[in-house]
Amino acid sequence: MKLFVYVTCPDREEAGKIAATLVEKRLVACTNIMAPHEAVYQWKGKVESATEIAIVMKTRSDLFEDVREEILKLHSYETPCIVALPIEKGHAPFLNWIEEETV
């Protein structure tokens, strides 16, 4: 199965470092670094808000734990958002490309 892995980062620099590292290590086939957005959330009993950058990565489900571990090495958040969403259907050549570009 293929996955989208969604991660949020505090800034473009950290997002770029995570994205490039995972592509270079062939743990993901591709990343999309999204435009800045505002996150509003509860943290340690307070409502907080911050500007974040989201990354959407394309990979295989059997690589998720390696992807997660690599993100944790590079991420500055105490509790980063790292979630996987299954790709249930898609354009077959694109799904095959994800398979070919990951190890």
# chains A, B, ... in the order shown; residues from 1 in each chain; ligands from 1

$ residues_around --residues "Met1 (chain A)" --least-positions-apart "2" --cutoff "9 Å" --atoms "only C-alpha atoms" --output "list in words"
Leu3, Thr59, Arg60, Ser61, Asp62, Pro86, Ile87 and Glu88 of chain A

$ write_last_selection --atoms "N, CA and C atoms" --output "PDB file, in the first residue's frame"
ATOM      1  N   LEU A   3       1.265   5.453   0.812  1.00  0.00           N
ATOM      2  CA  LEU A   3       0.804   6.385   1.830  1.00  0.00           C
ATOM      3  C   LEU A   3       1.132   7.818   1.465  1.00  0.00           C
ATOM      4  N   THR A  59       5.008   7.697  -0.068  1.00  0.00           N
ATOM      5  CA  THR A  59       5.886   6.570   0.226  1.00  0.00           C
ATOM      6  C   THR A  59       5.082   5.278   0.267  1.00  0.00           C
ATOM      7  N   ARG A  60       5.760   4.206   0.656  1.00  0.00           N
ATOM      8  CA  ARG A  60       5.125   2.895   0.824  1.00  0.00           C
ATOM      9  C   ARG A  60       4.848   2.670   2.313  1.00  0.00           C
ATOM     10  N   SER A  61       3.801   1.925   2.599  1.00  0.00           N
ATOM     11  CA  SER A  61       3.436   1.685   4.001  1.00  0.00           C
ATOM     12  C   SER A  61       4.524   0.926   4.754  1.00  0.00           C
ATOM     13  N   ASP A  62       5.251   0.041   4.094  1.00  0.00           N
ATOM     14  CA  ASP A  62       6.294  -0.708   4.793  1.00  0.00           C
ATOM     15  C   ASP A  62       7.488   0.167   5.178  1.00  0.00           C
ATOM     16  N   PRO A  86      -3.662   6.393   4.063  1.00  0.00           N
ATOM     17  CA  PRO A  86      -3.542   5.428   2.965  1.00  0.00           C
ATOM     18  C   PRO A  86      -4.025   6.007   1.643  1.00  0.00           C
ATOM     19  N   ILE A  87      -3.324   5.642   0.597  1.00  0.00           N
ATOM     20  CA  ILE A  87      -3.772   5.969  -0.759  1.00  0.00           C
ATOM     21  C   ILE A  87      -4.523   4.734  -1.240  1.00  0.00           C
ATOM     22  N   GLU A  88      -5.831   4.815  -1.237  1.00  0.00           N
ATOM     23  CA  GLU A  88      -6.645   3.655  -1.573  1.00  0.00           C
ATOM     24  C   GLU A  88      -6.749   3.422  -3.068  1.00  0.00           C
TER      25      GLU A  88
END

$ select_by_dssp --residues "chain A" --states "alpha helix (DSSP H)" --output "ChimeraX atom specification"
/A:12-24,64-74,92-101

$ write_last_selection --atoms "C-alpha atoms" --output "PDB file, in the first residue's frame"
ATOM      1  CA  ARG A  12      10.453  26.455   5.739  1.00  0.00           C
ATOM      2  CA  GLU A  13      14.077  25.672   6.597  1.00  0.00           C
ATOM      3  CA  GLU A  14      13.211  22.695   8.797  1.00  0.00           C
ATOM      4  CA  ALA A  15      10.580  21.467   6.335  1.00  0.00           C
ATOM      5  CA  GLY A  16      13.116  21.644   3.502  1.00  0.00           C
ATOM      6  CA  LYS A  17      15.748  19.756   5.486  1.00  0.00           C
ATOM      7  CA  ILE A  18      13.314  16.978   6.393  1.00  0.00           C
ATOM      8  CA  ALA A  19      11.947  16.746   2.845  1.00  0.00           C
ATOM      9  CA  ALA A  20      15.365  16.670   1.171  1.00  0.00           C
ATOM     10  CA  THR A  21      16.783  14.122   3.611  1.00  0.00           C
ATOM     11  CA  LEU A  22      13.901  11.704   3.127  1.00  0.00           C
ATOM     12  CA  VAL A  23      14.043  11.981  -0.669  1.00  0.00           C
ATOM     13  CA  GLU A  24      17.856  11.581  -0.684  1.00  0.00           C
ATOM     14  CA  PHE A  64       6.519   4.312   7.471  1.00  0.00           C
ATOM     15  CA  GLU A  65       8.495   3.429  10.614  1.00  0.00           C
ATOM     16  CA  ASP A  66      11.801   4.360   8.927  1.00  0.00           C
ATOM     17  CA  VAL A  67      10.245   7.619   7.685  1.00  0.00           C
ATOM     18  CA  ARG A  68       8.919   8.404  11.175  1.00  0.00           C
ATOM     19  CA  GLU A  69      12.273   7.693  12.827  1.00  0.00           C
ATOM     20  CA  GLU A  70      14.134   9.914  10.350  1.00  0.00           C
ATOM     21  CA  ILE A  71      11.653  12.755  10.872  1.00  0.00           C
ATOM     22  CA  LEU A  72      12.059  12.471  14.653  1.00  0.00           C
ATOM     23  CA  LYS A  73      15.849  12.834  14.281  1.00  0.00           C
ATOM     24  CA  LEU A  74      15.430  16.108  12.353  1.00  0.00           C
ATOM     25  CA  ALA A  92      -1.368   3.393 -11.653  1.00  0.00           C
ATOM     26  CA  PRO A  93       1.739   4.901 -13.306  1.00  0.00           C
ATOM     27  CA  PHE A  94       2.078   7.366 -10.417  1.00  0.00           C
ATOM     28  CA  LEU A  95       1.671   4.632  -7.810  1.00  0.00           C
ATOM     29  CA  ASN A  96       4.243   2.518  -9.660  1.00  0.00           C
ATOM     30  CA  TRP A  97       6.631   5.492  -9.681  1.00  0.00           C
ATOM     31  CA  ILE A  98       6.396   5.726  -5.864  1.00  0.00           C
ATOM     32  CA  GLU A  99       7.329   2.040  -5.700  1.00  0.00           C
ATOM     33  CA  GLU A 100      10.290   2.502  -8.048  1.00  0.00           C
ATOM     34  CA  GLU A 101      11.688   5.585  -6.282  1.00  0.00           C
TER      35      GLU A 101
END

$ residues_around --residues "region 42-45 of chain A" --least-positions-apart "5" --cutoff "12 Å" --atoms "only C-alpha atoms" --output "ChimeraX atom specification"
/A:50,77-79

$ write_last_selection --atoms "C-alpha atoms" --output "short mmCIF file (atom, residue, chain, number, x, y, z; two decimals), in the first residue's frame"
data_model
loop_
_atom_site.label_atom_id
_atom_site.label_comp_id
_atom_site.auth_asym_id
_atom_site.auth_seq_id
_atom_site.Cartn_x
_atom_site.Cartn_y
_atom_site.Cartn_z
CA ALA A 50 1.67 29.49 15.37
CA TYR A 77 8.95 19.85 18.05
CA GLU A 78 8.53 17.94 21.29
CA THR A 79 5.48 16.18 19.83
#

$ residues_around --residues "region 6-9 of chain A" --least-positions-apart "6" --cutoff "6 Å" --atoms "only C-alpha atoms" --output "MDAnalysis selection string"
chainID A and resid 15 52:56 81:83
